[in-house]
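Next comes work_39.cif, with mmCIF, C-alpha atoms.
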data_entry
loop_
_atom_site.group_PDB
_atom_site.id
_atom_site.type_symbol
_atom_site.label_atom_id
_atom_site.label_comp_id
_atom_site.auth_asym_id
_atom_site.auth_seq_id
_atom_site.Cartn_x
_atom_site.Cartn_y
_atom_site.Cartn_z
ATOM 1 C CA MET Z 1 -56.593 -249.824 -16.533
ATOM 2 C CA PRO Z 2 -54.785 -247.418 -14.186
ATOM 3 C CA THR Z 3 -54.928 -248.215 -10.508
ATOM 4 C CA PRO Z 4 -56.594 -245.589 -8.315
ATOM 5 C CA GLU Z 5 -54.372 -243.613 -5.990
ATOM 6 C CA PRO Z 6 -54.648 -244.320 -2.277
ATOM 7 C CA PRO Z 7 -56.353 -241.557 -0.281
ATOM 8 C CA GLY Z 8 -53.995 -238.767 0.687
ATOM 9 C CA GLU Z 9 -51.491 -239.547 -2.061
ATOM 10 C CA SER Z 10 -51.057 -237.751 -5.333
ATOM 11 C CA ARG Z 11 -48.953 -238.104 -8.447
ATOM 12 C CA SER Z 12 -47.068 -234.948 -7.483
ATOM 13 C CA GLU Z 13 -44.474 -235.030 -4.736
ATOM 14 C CA ASN Z 14 -44.889 -231.289 -4.168
ATOM 15 C CA PRO Z 15 -47.426 -230.646 -1.373
ATOM 16 C CA ALA Z 16 -48.183 -227.136 -2.654
ATOM 17 C CA GLU Z 17 -48.988 -228.550 -6.078
ATOM 18 C CA ARG Z 18 -51.322 -231.129 -4.532
ATOM 19 C CA TRP Z 19 -53.130 -228.326 -2.681
ATOM 20 C CA LEU Z 20 -53.320 -226.073 -5.734
ATOM 21 C CA SER Z 21 -54.488 -228.870 -7.995
ATOM 22 C CA VAL Z 22 -57.814 -228.840 -6.143
ATOM 23 C CA VAL Z 23 -58.341 -225.196 -7.120
ATOM 24 C CA LEU Z 24 -56.913 -225.494 -10.634
ATOM 25 C CA ASP Z 25 -58.697 -228.701 -11.632
ATOM 26 C CA GLU Z 26 -62.161 -227.547 -10.579
ATOM 27 C CA PRO Z 27 -63.490 -224.712 -12.796
ATOM 28 C CA LEU Z 28 -65.923 -223.582 -10.109
ATOM 29 C CA LEU Z 29 -62.954 -222.708 -7.865
ATOM 30 C CA TRP Z 30 -61.073 -220.638 -10.461
ATOM 31 C CA PRO Z 31 -62.528 -217.332 -9.163
ATOM 32 C CA LEU Z 32 -61.215 -218.253 -5.717
ATOM 33 C CA GLY Z 33 -57.774 -218.873 -7.214
ATOM 34 C CA LEU Z 34 -57.832 -215.542 -9.045
ATOM 35 C CA VAL Z 35 -58.788 -213.697 -5.861
ATOM 36 C CA ALA Z 36 -56.016 -215.453 -3.935
ATOM 37 C CA MET Z 37 -53.510 -214.548 -6.662
ATOM 38 C CA ALA Z 38 -54.712 -210.919 -6.629
ATOM 39 C CA HIS Z 39 -54.126 -210.829 -2.868
ATOM 40 C CA VAL Z 40 -50.572 -212.052 -3.381
ATOM 41 C CA VAL Z 41 -49.979 -209.356 -6.016
ATOM 42 C CA VAL Z 42 -51.479 -206.648 -3.790
ATOM 43 C CA PHE Z 43 -49.163 -207.756 -0.968
ATOM 44 C CA VAL Z 44 -45.956 -208.150 -2.985
ATOM 45 C CA ALA Z 45 -46.194 -204.947 -5.091
ATOM 46 C CA PRO Z 46 -46.006 -202.529 -2.116
ATOM 47 C CA VAL Z 47 -43.278 -204.656 -0.554
ATOM 48 C CA MET Z 48 -41.303 -204.292 -3.797
ATOM 49 C CA LEU Z 49 -41.785 -200.547 -3.783
ATOM 50 C CA LEU Z 50 -40.815 -200.158 -0.149
ATOM 51 C CA ALA Z 51 -37.797 -202.428 -0.572
ATOM 52 C CA PHE Z 52 -36.355 -201.111 -3.830
ATOM 53 C CA ARG Z 53 -37.482 -197.489 -3.889
ATOM 54 C CA ASP Z 54 -37.432 -196.539 -0.193
ATOM 55 C CA LEU Z 55 -34.883 -199.167 0.985
ATOM 56 C CA ARG Z 56 -36.842 -199.939 4.147
ATOM 57 C CA PRO Z 57 -35.140 -202.691 6.204
ATOM 58 C CA ALA Z 58 -38.350 -204.588 7.005
ATOM 59 C CA ALA Z 59 -39.389 -204.570 3.342
ATOM 60 C CA LEU Z 60 -35.905 -205.703 2.302
ATOM 61 C CA ALA Z 61 -36.178 -208.594 4.764
ATOM 62 C CA ALA Z 62 -39.628 -209.507 3.410
ATOM 63 C CA MET Z 63 -38.313 -209.387 -0.166
ATOM 64 C CA ALA Z 64 -35.390 -211.580 0.828
ATOM 65 C CA MET Z 65 -37.780 -214.171 2.270
ATOM 66 C CA LEU Z 66 -40.002 -214.036 -0.827
ATOM 67 C CA VAL Z 67 -37.011 -214.403 -3.142
ATOM 68 C CA LEU Z 68 -35.619 -217.292 -1.090
ATOM 69 C CA GLY Z 69 -38.993 -219.025 -1.282
ATOM 70 C CA SER Z 70 -39.048 -218.588 -5.049
ATOM 71 C CA VAL Z 71 -35.484 -219.865 -5.349
ATOM 72 C CA GLY Z 72 -36.564 -222.911 -3.351
ATOM 73 C CA LEU Z 73 -39.405 -223.504 -5.801
ATOM 74 C CA ILE Z 74 -37.033 -223.194 -8.751
ATOM 75 C CA HIS Z 75 -34.535 -225.554 -7.123
ATOM 76 C CA ALA Z 76 -37.250 -228.139 -6.520
ATOM 77 C CA ALA Z 77 -38.422 -227.808 -10.134
ATOM 78 C CA ILE Z 78 -34.880 -228.341 -11.409
ATOM 79 C CA ARG Z 79 -34.553 -231.472 -9.251
ATOM 80 C CA ARG Z 80 -37.831 -232.825 -10.629
ATOM 81 C CA GLY Z 81 -36.798 -231.903 -14.150
ATOM 82 C CA ARG Z 82 -39.937 -229.915 -14.947
ATOM 83 C CA ALA Z 83 -41.750 -226.779 -13.888
ATOM 84 C CA GLY Z 84 -45.096 -227.519 -12.308
ATOM 85 C CA ARG Z 85 -48.136 -225.381 -11.754
ATOM 86 C CA VAL Z 86 -46.765 -223.860 -8.561
ATOM 87 C CA GLU Z 87 -43.641 -222.562 -10.267
ATOM 88 C CA VAL Z 88 -45.625 -221.140 -13.176
ATOM 89 C CA LEU Z 89 -48.070 -219.407 -10.823
ATOM 90 C CA ALA Z 90 -45.194 -218.020 -8.757
ATOM 91 C CA GLY Z 91 -43.639 -216.583 -11.923
ATOM 92 C CA VAL Z 92 -46.947 -215.053 -12.968
ATOM 93 C CA CYS Z 93 -47.353 -213.516 -9.506
ATOM 94 C CA TRP Z 94 -43.837 -212.029 -9.696
ATOM 95 C CA LEU Z 95 -44.541 -210.558 -13.136
ATOM 96 C CA LEU Z 96 -47.904 -209.120 -12.102
ATOM 97 C CA SER Z 97 -46.439 -207.740 -8.872
ATOM 98 C CA GLY Z 98 -43.563 -206.122 -10.714
ATOM 99 C CA GLY Z 99 -45.967 -204.600 -13.218
ATOM 100 C CA ALA Z 100 -48.245 -203.330 -10.457
ATOM 101 C CA ALA Z 101 -45.289 -201.860 -8.562
ATOM 102 C CA PHE Z 102 -43.992 -200.173 -11.709
ATOM 103 C CA ALA Z 103 -47.423 -198.744 -12.546
ATOM 104 C CA ALA Z 104 -47.987 -197.545 -8.976
ATOM 105 C CA SER Z 105 -44.590 -195.869 -8.958
ATOM 106 C CA ARG Z 106 -45.071 -194.163 -12.339
ATOM 107 C CA LEU Z 107 -48.606 -193.007 -11.537
ATOM 108 C CA ASN Z 108 -47.609 -191.850 -8.025
ATOM 109 C CA LEU Z 109 -50.207 -194.087 -6.435
ATOM 110 C CA PHE Z 110 -47.911 -195.311 -3.698
#

Take the structure from the file and write it as structure tokens.
Amino acid sequence: MPTPEPPGESRSENPAERWLSVVLDEPLLWPLGLVAMAHVVVFVAPVMLLAFRDLRPAALAAMAMLVLGSVGLIHAAIRRGRAGRVEVLAGVCWLLSGGAAFAASRLNLF
């Protein structure tokens, strides 16, 4: 029989994964997770457009910080030897943001 985990400890060493596991493991909180992910996409897509299309310095700095954060996630996943939920969700957010930025640019919405 597995021993219960002490309070405050989790199987994952990644604090972001411990926090997200609460939302991902409870089906009643999935709408909250989707809304949070949509907010990330709505924030990152205009930053992508301003950084890559208009070459605005502040947007370039924001993109650099976002990319460095994602590289940090990837580096941590490589050290652990597996991609966790956080890395997968970050990749999905990047893909959705890129798609939203592309669509907004093509449809002249932004």

Name the residues that the PyMOL selection byres ((chain Z and resi 44) around 9) pulls out of this structure, and write them as a ChimeraX atom specification. /Z:39-43,45-49,63,66,93-94,97-98,101

Can you write just those residues out, C-alpha atoms, as an mmCIF file, in the coordinates of the input?
data_model
loop_
_atom_site.group_PDB
_atom_site.id
_atom_site.type_symbol
_atom_site.label_atom_id
_atom_site.label_comp_id
_atom_site.auth_asym_id
_atom_site.auth_seq_id
_atom_site.Cartn_x
_atom_site.Cartn_y
_atom_site.Cartn_z
ATOM 1 C CA HIS Z 39 -54.126 -210.829 -2.868
ATOM 2 C CA VAL Z 40 -50.572 -212.052 -3.381
ATOM 3 C CA VAL Z 41 -49.979 -209.356 -6.016
ATOM 4 C CA VAL Z 42 -51.479 -206.648 -3.790
ATOM 5 C CA PHE Z 43 -49.163 -207.756 -0.968
ATOM 6 C CA ALA Z 45 -46.194 -204.947 -5.091
ATOM 7 C CA PRO Z 46 -46.006 -202.529 -2.116
ATOM 8 C CA VAL Z 47 -43.278 -204.656 -0.554
ATOM 9 C CA MET Z 48 -41.303 -204.292 -3.797
ATOM 10 C CA LEU Z 49 -41.785 -200.547 -3.783
ATOM 11 C CA MET Z 63 -38.313 -209.387 -0.166
ATOM 12 C CA LEU Z 66 -40.002 -214.036 -0.827
ATOM 13 C CA CYS Z 93 -47.353 -213.516 -9.506
ATOM 14 C CA TRP Z 94 -43.837 -212.029 -9.696
ATOM 15 C CA SER Z 97 -46.439 -207.740 -8.872
ATOM 16 C CA GLY Z 98 -43.563 -206.122 -10.714
ATOM 17 C CA ALA Z 101 -45.289 -201.860 -8.562
#

First collect every listed atom of range 49-54 of chain Z; then fit an axis-aligned box around them, widen it by 6 Å on each side, and give centre and edge lengths in Å to one decimal, as AutoDock Vina command-line options.
--center_x -39.1 --center_y -199.5 --center_z -2.0 --size_x 17.4 --size_y 17.9 --size_z 15.7

Would you work out the distance separating CA of Arg79 in chain Z from CA of Glu17 in chain Z, expressed in Å to one decimal?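 These atoms are spaced 15.1 Å apart.
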
Could you jot down the CA of Arg85 in chain Z to CA of Met37 in chain Z separation for me, Å, one decimal place?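 Atom-to-atom, CA of Arg85 in chain Z to CA of Met37 in chain Z, that is 13.1 Å.
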
Of Z:Arg80, Z:Ser105, Z:Val67, Z:Val86, the one sitting nearest Arg18 in chain Z when using only C-alpha atoms is Z:Val86

Separation of CA of Leu68 in chain Z and CA of Gly33 in chain Z, in Å?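 These two atoms are separated by 23.0 Å.
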
Nearest candidate to Pro15 in chain Z (options Z:Gly84, Z:Leu109, Z:Leu29, Z:Pro57; using only C-alpha atoms):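 The closest residue to Pro15 in chain Z is Z:Gly84.
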
So which one's closest to Ile74 in chain Z, Z:Ala38, Z:Ala62, Z:Glu87, Z:Phe110? Using only C-alpha atoms, please.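 Under the stated criterion, the closest residue is Z:Glu87.
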